[in-house]
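Chemist: Handing you this structure, nothing more for now.
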Amino acid sequence: MAPLQKRAWWGLITGTVFTIAFVLVFFLMGGIDKFDQDATFRIIVDVLVIGGLVANLIMVNIPLKKAGMVDERDKVIADRAPRVQWLAVVFTLVAWVIGLNEAYQKTDLIPGVFLYVMFMSVLIISTTAQCLGIIIGYWRMDRNAQD
Amino acid sequence: MPRINNRIRRLRFDHNEMTQEELANKAGCTRQTIIALEQGKYVPSIELAFKIARALGARLEDVFQYEV
């Protein structure tokens, strides 16, 4: 397994763990209303999100800049990963828009705090999807060998 | 469908049984890329192809062949 591929797996695992932690903490601590009112709650969520992003940076993005760690094949794969990221971000936004629209259609008033939560969720999904994109890239390169 | 074949594995053995790791170090790529090249799962850039040929002490066309 290539060094970047190993790190992408670690990035995907940590990203998934942080996502689950984020969702669990969010709902176990009271959900969106509590999040809107409680500064401590917001700080905990912020720490989780920033911690996840920093972990991803250390796992995946910093090695990309280290000499000898990646070569041209790894770079080709890493350069294709944003396609998966983009798709994941679009699907996340679509899910948010449909969900919020359905939940608040009667009141016609979506709480502003959702902007913050949407942004955080898109950040988490985007970084995790980058790792997934790299893993898919290696898999596709292995599968689509010259016939 | 056109394809690019290579004789990297053969030339490695002809070249004092050079390991994939040694070739990778000389060519400036990872061992996994040499493995992918030998298995026909990756086509290198011109630059890497030249580096591999140089590391194997061979001409580019002796290492890589283009078949239509």
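Every chain in the structure tokens has a letter given in the order shown (A, B, ...), and although residue numbers restart at 1 in each chain, ligands are simply numbered from 1 in the order shown.
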List the spatial neighbours of stretch 26-37 of chain B as JSON, numbers by chain - criterion: any atom at most 10 Å away, only C-alpha atoms, same-chain residues fewer than 4 positions off excluded.
Modeler: {"A": [1, 2, 3, 67, 68, 69, 70, 71, 72, 73, 74, 141, 142, 145], "B": [5, 6, 7, 8, 9, 19, 20, 21, 22, 41, 42, 43, 44, 47, 48, 49, 50, 51, 52, 53, 54, 55, 56]}
Chemist: Would you output that residue set with N, CA and C atoms, as an mmCIF file, in the first residue's frame?
Modeler:
data_model
loop_
_atom_site.group_PDB
_atom_site.id
_atom_site.type_symbol
_atom_site.label_atom_id
_atom_site.label_comp_id
_atom_site.auth_asym_id
_atom_site.auth_seq_id
_atom_site.Cartn_x
_atom_site.Cartn_y
_atom_site.Cartn_z
ATOM 1 N N MET A 1 0.842 -1.200 0.000
ATOM 2 C CA MET A 1 0.000 0.000 0.000
ATOM 3 C C MET A 1 0.881 1.255 0.000
ATOM 4 N N ALA A 2 0.577 2.196 -0.888
ATOM 5 C CA ALA A 2 1.371 3.431 -0.980
ATOM 6 C C ALA A 2 1.194 4.276 0.295
ATOM 7 N N PRO A 3 2.237 5.044 0.678
ATOM 8 C CA PRO A 3 2.129 5.851 1.901
ATOM 9 C C PRO A 3 0.904 6.777 1.917
ATOM 10 N N ALA A 67 8.880 15.678 0.397
ATOM 11 C CA ALA A 67 9.605 15.057 -0.709
ATOM 12 C C ALA A 67 9.778 13.559 -0.448
ATOM 13 N N GLY A 68 9.609 12.755 -1.481
ATOM 14 C CA GLY A 68 9.815 11.309 -1.373
ATOM 15 C C GLY A 68 8.623 10.550 -0.834
ATOM 16 N N MET A 69 7.671 11.241 -0.275
ATOM 17 C CA MET A 69 6.495 10.590 0.301
ATOM 18 C C MET A 69 5.495 10.223 -0.796
ATOM 19 N N VAL A 70 5.369 11.111 -1.762
ATOM 20 C CA VAL A 70 4.453 10.847 -2.877
ATOM 21 C C VAL A 70 5.186 11.057 -4.202
ATOM 22 N N ASP A 71 4.761 10.341 -5.206
ATOM 23 C CA ASP A 71 5.351 10.536 -6.532
ATOM 24 C C ASP A 71 4.257 10.956 -7.505
ATOM 25 N N GLU A 72 4.586 10.939 -8.801
ATOM 26 C CA GLU A 72 3.622 11.462 -9.788
ATOM 27 C C GLU A 72 2.316 10.676 -9.814
ATOM 28 N N ARG A 73 2.405 9.351 -9.591
ATOM 29 C CA ARG A 73 1.186 8.533 -9.597
ATOM 30 C C ARG A 73 0.270 8.925 -8.437
ATOM 31 N N ASP A 74 0.870 9.127 -7.268
ATOM 32 C CA ASP A 74 0.081 9.551 -6.105
ATOM 33 C C ASP A 74 -0.545 10.925 -6.359
ATOM 34 N N MET A 141 -7.419 2.815 -10.221
ATOM 35 C CA MET A 141 -6.191 2.639 -10.994
ATOM 36 C C MET A 141 -5.804 1.151 -11.037
ATOM 37 N N ASP A 142 -6.048 0.461 -9.935
ATOM 38 C CA ASP A 142 -5.772 -0.975 -9.896
ATOM 39 C C ASP A 142 -6.733 -1.739 -10.812
ATOM 40 N N ALA A 145 -6.586 -1.306 -15.088
ATOM 41 C CA ALA A 145 -5.293 -1.544 -15.722
ATOM 42 C C ALA A 145 -5.504 -1.729 -17.217
ATOM 43 N N ASN B 5 3.489 -1.141 -23.273
ATOM 44 C CA ASN B 5 4.062 -2.250 -22.499
ATOM 45 C C ASN B 5 5.435 -1.833 -21.972
ATOM 46 N N ASN B 6 5.901 -2.566 -20.992
ATOM 47 C CA ASN B 6 7.270 -2.289 -20.530
ATOM 48 C C ASN B 6 7.980 -3.578 -20.137
ATOM 49 N N ARG B 7 9.303 -3.468 -20.142
ATOM 50 C CA ARG B 7 10.138 -4.627 -19.792
ATOM 51 C C ARG B 7 10.900 -4.344 -18.503
ATOM 52 N N ILE B 8 10.292 -3.613 -17.608
ATOM 53 C CA ILE B 8 10.985 -3.199 -16.382
ATOM 54 C C ILE B 8 11.426 -4.418 -15.561
ATOM 55 N N ARG B 9 10.524 -5.362 -15.391
ATOM 56 C CA ARG B 9 10.849 -6.534 -14.556
ATOM 57 C C ARG B 9 12.041 -7.296 -15.140
ATOM 58 N N THR B 19 16.364 -4.580 -7.048
ATOM 59 C CA THR B 19 15.052 -4.692 -6.406
ATOM 60 C C THR B 19 14.152 -3.530 -6.845
ATOM 61 N N GLN B 20 12.862 -3.713 -6.605
ATOM 62 C CA GLN B 20 11.917 -2.640 -6.940
ATOM 63 C C GLN B 20 12.233 -1.389 -6.127
ATOM 64 N N GLU B 21 12.623 -1.606 -4.876
ATOM 65 C CA GLU B 21 12.954 -0.485 -3.991
ATOM 66 C C GLU B 21 14.153 0.301 -4.535
ATOM 67 N N GLU B 22 15.168 -0.425 -4.981
ATOM 68 C CA GLU B 22 16.370 0.238 -5.524
ATOM 69 C C GLU B 22 16.024 1.041 -6.773
ATOM 70 N N LYS B 41 -0.518 -1.426 -14.671
ATOM 71 C CA LYS B 41 -1.648 -0.687 -14.113
ATOM 72 C C LYS B 41 -1.449 0.814 -14.157
ATOM 73 N N TYR B 42 -0.295 1.240 -14.607
ATOM 74 C CA TYR B 42 -0.029 2.679 -14.666
ATOM 75 C C TYR B 42 0.922 2.971 -15.821
ATOM 76 N N VAL B 43 0.633 4.051 -16.533
ATOM 77 C CA VAL B 43 1.517 4.505 -17.606
ATOM 78 C C VAL B 43 2.237 5.753 -17.096
ATOM 79 N N PRO B 44 3.581 5.732 -17.079
ATOM 80 C CA PRO B 44 4.307 6.857 -16.471
ATOM 81 C C PRO B 44 4.341 8.085 -17.368
ATOM 82 N N GLU B 47 8.826 12.049 -18.236
ATOM 83 C CA GLU B 47 9.952 12.297 -17.335
ATOM 84 C C GLU B 47 10.302 11.040 -16.521
ATOM 85 N N LEU B 48 9.272 10.413 -15.934
ATOM 86 C CA LEU B 48 9.523 9.209 -15.132
ATOM 87 C C LEU B 48 10.020 8.064 -16.016
ATOM 88 N N ALA B 49 9.473 7.981 -17.225
ATOM 89 C CA ALA B 49 9.916 6.930 -18.150
ATOM 90 C C ALA B 49 11.409 7.077 -18.442
ATOM 91 N N PHE B 50 11.854 8.312 -18.677
ATOM 92 C CA PHE B 50 13.286 8.562 -18.923
ATOM 93 C C PHE B 50 14.119 8.212 -17.688
ATOM 94 N N LYS B 51 13.621 8.574 -16.513
ATOM 95 C CA LYS B 51 14.360 8.295 -15.272
ATOM 96 C C LYS B 51 14.516 6.780 -15.063
ATOM 97 N N ILE B 52 13.439 6.045 -15.341
ATOM 98 C CA ILE B 52 13.482 4.582 -15.174
ATOM 99 C C ILE B 52 14.466 3.975 -16.173
ATOM 100 N N ALA B 53 14.370 4.442 -17.410
ATOM 101 C CA ALA B 53 15.284 3.930 -18.438
ATOM 102 C C ALA B 53 16.736 4.212 -18.044
ATOM 103 N N ARG B 54 16.988 5.408 -17.555
ATOM 104 C CA ARG B 54 18.345 5.783 -17.144
ATOM 105 C C ARG B 54 18.805 4.913 -15.966
ATOM 106 N N ALA B 55 17.902 4.695 -15.009
ATOM 107 C CA ALA B 55 18.251 3.872 -13.835
ATOM 108 C C ALA B 55 18.557 2.432 -14.243
ATOM 109 N N LEU B 56 17.928 1.983 -15.314
ATOM 110 C CA LEU B 56 18.154 0.611 -15.778
ATOM 111 C C LEU B 56 19.285 0.541 -16.810
#
Chemist: Work out how far atom CA of B:Val68 is from atom CA of B:Arg10, in Å to one decimal.
Modeler: 22.0 Å
Chemist: What is the atom CA of A:Ile20 to atom CA of A:Val45 distance in Å?
Modeler: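 Going from atom CA of A:Ile20 over to atom CA of A:Val45 covers 12.0 Å.
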Chemist: Work out how far atom CA of A:Gln130 is from atom CA of A:Ala81, in Å to one decimal.
Modeler: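 Separating atom CA of A:Ala81 from atom CA of A:Gln130 is a distance of 5.5 Å.
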